[in-house]
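Down below is the structure, laid out as structure tokens.
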Amino acid sequence: LFRSAVSAEAEARARAEKALAALPDDPYAALATVERLLADPEMKPAAGILGQRRDALRRTIEERRRTQLTATLDAAFQDASAGRLNDARTGLGNVPDEAWIKTRRSEVAARIELSERTAETRLAEAIPLANDPRGIDVLSEEIRRAQLSPARAKGLTDRLEARRRELAAAKAQPKMQKADTAPLWRALGETVEAARGALPYSALADAARNAAGNLPDGERQHAEALAEVAEAAQGAETALRLHIGQVRPRVECRIGNRNGTYLLTRLEKDRIGMRLVDAPAETVQNRADVVLPWAQLLSAALHGAGKERSQAAFLWYWRLDEARQALEAIRDDPLAVAIATYERRTRPLDIAGDQQRRKDGIIAVSYPFHIARDPGLLAAWKGDGATLADAGMHWESTGQVPRGSSAEADLPTLRWQASLRAPAELEARVIPDADSEVILVGLAAASGQAVRVALNTKLRRAFIIATRDEDKDSYQPHGAKGTPDYDAAGTTVRLSVDAAGKVSAWIDDRPVPGDRDLVLPADARLAPVIQGRPVQSKSALIVRSLSFSGRN
């Protein structure tokens, strides 16, 4: 009997080990198999090893469940930060209220509440500014799209309808003179821009608080919030210095006109320490002379729930290209709302587009069509054929040029509706349509003269087309032979006009040669133009982004 019991136990253990070795990778299926074995009376002698595997599989399943729930909450937090409140609420509702995840659930709920409250505040502040039925209708649609809770949406809708009735009642009443705060905002802009993009950060914070005191109560809070922007940027600076000093990150950067891979060693007020990867000696460069992947560095240096906020503040403070995308990611955050209000009220030009004042008196206007996807940006352009697509602004010519014509008036044109003076610079990232004929990107003076980079899509060649000196109504090509090719999948066109009016052109940082120097009137007001020369079918392209700078 003893030998029989020993044999049965050995047989059960052998069977169990064989079954365990053949378990499927899926822990749920594996657990079901193990539990069936445990329920089999003949497997009782092997209950020990089977029970251990069952417990291990249960732990694995629980860990996987917790990982998935944590990821769901992280996604809900990002949705809330980006204003996708319905998705955020759904994500939060899919996570049970268990003790181990209670703190993270509370953080997500607080983020949803903050985003909702911020959106509600922004919309509530906009209601008194709506002065006509169209403005009321636009706000009504914004309230609908804001994904607020029913109670908040109803409260805003009720106030909006009250505003509609107020406007209707006031139509026959004498209009009250509203205080003009535009000069105060311009003064604020001059003060803040003088302090922005330099150390110490406290200079901007002090300037914002001091200048904000002149604004009325309803507008002061947005100006005062700029001080928080400076403080958030200061926090990012501190994190960057610590990260660089401890980690010594490896980055691709540009010093002057040289690109290279460096290890960063320290970040200071005016200097950056770095060394080549294969060289032990440290070099020190002026901070202003080094172009770094700041967004990449900030992502590695910053941690915690306020990471996106601090990153956006730093990038905006230093006027970096990545700022617009970073601010869009937190557009409902009070910090982003304050920056948007400041930029709108201090705009140097009355035209759609992202605008910046530089310390040298230059105004820079940019159109990040591929990021913003804002139909309102198209209002800055005059001409037919422009629409907004996912990849950027799509423009297609609507008429054909008579074969052999060189008349300026025959070229289908999309023109910027403002203008700036030299020194000026235009940069456009474009993708010509595959079946497009010649496309032109350049600058035109109010007096009629124009210089453009022409992209011959059939030959993949770039050359210059300019207005004739002897006949301002016609144009001629320059340097059409031996010109650089370009990437049909996307290319960057750049033109600059110096203070004397001399024009230089590049495509993907390679000069586009001309037969002679091209000069526009030194005091001319210049505007970017996009044109086509279709003689058979069409001229069309995607403008992913466009920027233009000059003096007002």
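Labels for the structure tokens follow display order: chains A, B, ..., residues from 1 in each chain, ligands from 1.
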
- [ ] Do a neighbour search on A:Ala489 at 10 Å with only C-alpha atoms, toss out local chain neighbours closer than 3 positions, and write the hits as a list in words.
- [x] Val430, Ile431, Pro432, Asp433, Ala434 and Tyr486 of chain A

Open item on the list: Report as a list in words all protein, DNA and RNA residues lying within 12 Å of A:Pro96, evaluated on only C-alpha atoms, omitting residues in the same chain fewer than 2 positions from it.
Closed with: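 Once the nearby chain positions are removed, what remains is Arg65, Arg66, Gln68, Leu69, Thr70, Thr72, Leu73, Thr90, Gly91, Leu92, Gly93, Asn94, Glu98, Ala99, Trp100, Ile101, Lys102, Arg104, Arg105 and Ser106 of chain A.
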
- [ ] Can you check which residues of stretch 68-259 of chain A DSSP gives as alpha helix (DSSP H) on the backbone and send them as JSON, numbers by chain?
- [x] {"A": [68, 69, 70, 71, 72, 73, 74, 75, 76, 77, 78, 79, 80, 81, 85, 86, 87, 88, 89, 90, 91, 92, 93, 102, 103, 104, 105, 106, 107, 108, 109, 110, 111, 112, 113, 114, 115, 116, 117, 118, 119, 120, 121, 122, 123, 124, 125, 126, 133, 134, 135, 136, 137, 138, 139, 140, 141, 142, 143, 144, 145, 150, 151, 152, 153, 154, 155, 156, 157, 158, 159, 160, 161, 162, 163, 164, 165, 166, 167, 168, 169, 170, 182, 183, 184, 185, 186, 187, 188, 189, 190, 191, 192, 193, 194, 195, 201, 202, 203, 204, 205, 206, 207, 208, 209, 210, 211, 212, 217, 218, 219, 220, 221, 222, 223, 224, 225, 226, 227, 228, 229, 230, 231, 232, 233, 234, 235, 236, 237, 238, 239, 240, 241, 242, 243, 244, 245, 246, 247]}

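Relative to atom CA of A:Val543, atom CA of A:Arg319 is found at 22.0 Å.
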
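If only C-alpha atoms are the atoms counted, then among A:Arg373, A:Arg287, A:Arg36, A:Lys44 the closest residue to A:Arg13 is A:Lys44.
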
Task: A:Leu378, A:Ala88, A:Leu298, A:Ala153 ranked by distance to A:Glu237, top pick (using only C-alpha atoms) - done: A:Leu298

Task: Minimum-distance residue to A:Leu199, chosen among A:Trp294, A:Tyr262, A:Trp318, A:Trp185 (using only C-alpha atoms) - done: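 The closest residue to A:Leu199 is A:Trp318.
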
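Residue-level DSSP output for stretch 353-399 of chain A, from the backbone, shows strand (DSSP E or B) at A:Asp354, A:Gln355, A:Gln356, A:Arg357, A:Ile363, A:Ala364, A:Val365, A:Ser366, A:Tyr367, A:Trp381, A:Lys382, A:Ala386, A:Thr387, A:Leu388, A:Ala389, A:Gly392, A:Met393, A:His394, A:Trp395, A:Glu396.
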
Task: Option closest in space to A:Ala391, from A:Gly490, A:Gly479, A:Gly532, A:Gly48 [counting only C-alpha atoms] - done: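 Smallest separation from A:Ala391 among the options: A:Gly490.
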
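Proximity to A:Tyr317 was assessed for A:Arg196, A:Arg415, A:Arg241, A:Arg144 counting only C-alpha atoms; the smallest distance is recorded for A:Arg196.
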
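Each of A:Gly273, A:Glu396, A:Asp354, A:Leu129 was compared to A:Glu219 using only C-alpha atoms, and A:Leu129 turns out to be the nearest.
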
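Across the structure, atom CA of A:Ala230 and atom CA of A:Pro183 are spaced 23.2 Å apart.
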
Task: Interatomic distance, atom CA of A:Val497 to atom CA of A:Ser545 (Å, one decimal) - done: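 Answer for the atom CA of A:Val497 to atom CA of A:Ser545 separation: 19.7 Å.
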
TODO: Fewer than 5 positions away in the same chain doesn't count, so skip those; otherwise give me all residues within 8 Å of A:Leu388, counting only C-alpha atoms, as a ChimeraX atom specification.
DONE: /A:369,373-375,378,393-394

Show me, as a tab-separated table (two decimals) with C-alpha atoms, in the first residue's frame, the residues that have an atom within 8 Å of A:Leu267 when counting only C-alpha atoms, minus same-chain residues fewer than 4 positions from it.
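In the end it all went to part-v8.tsv:
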chain	number	residue	atom	x	y	z
A	240	LEU	CA	17.40	71.82	-16.49
A	241	ARG	CA	20.55	72.92	-14.66
A	244	ILE	CA	22.47	68.67	-17.20
A	245	GLY	CA	24.89	68.72	-14.25
A	271	ARG	CA	27.06	80.14	-20.70
A	272	ILE	CA	26.71	76.47	-21.59
A	273	GLY	CA	29.45	73.95	-20.85
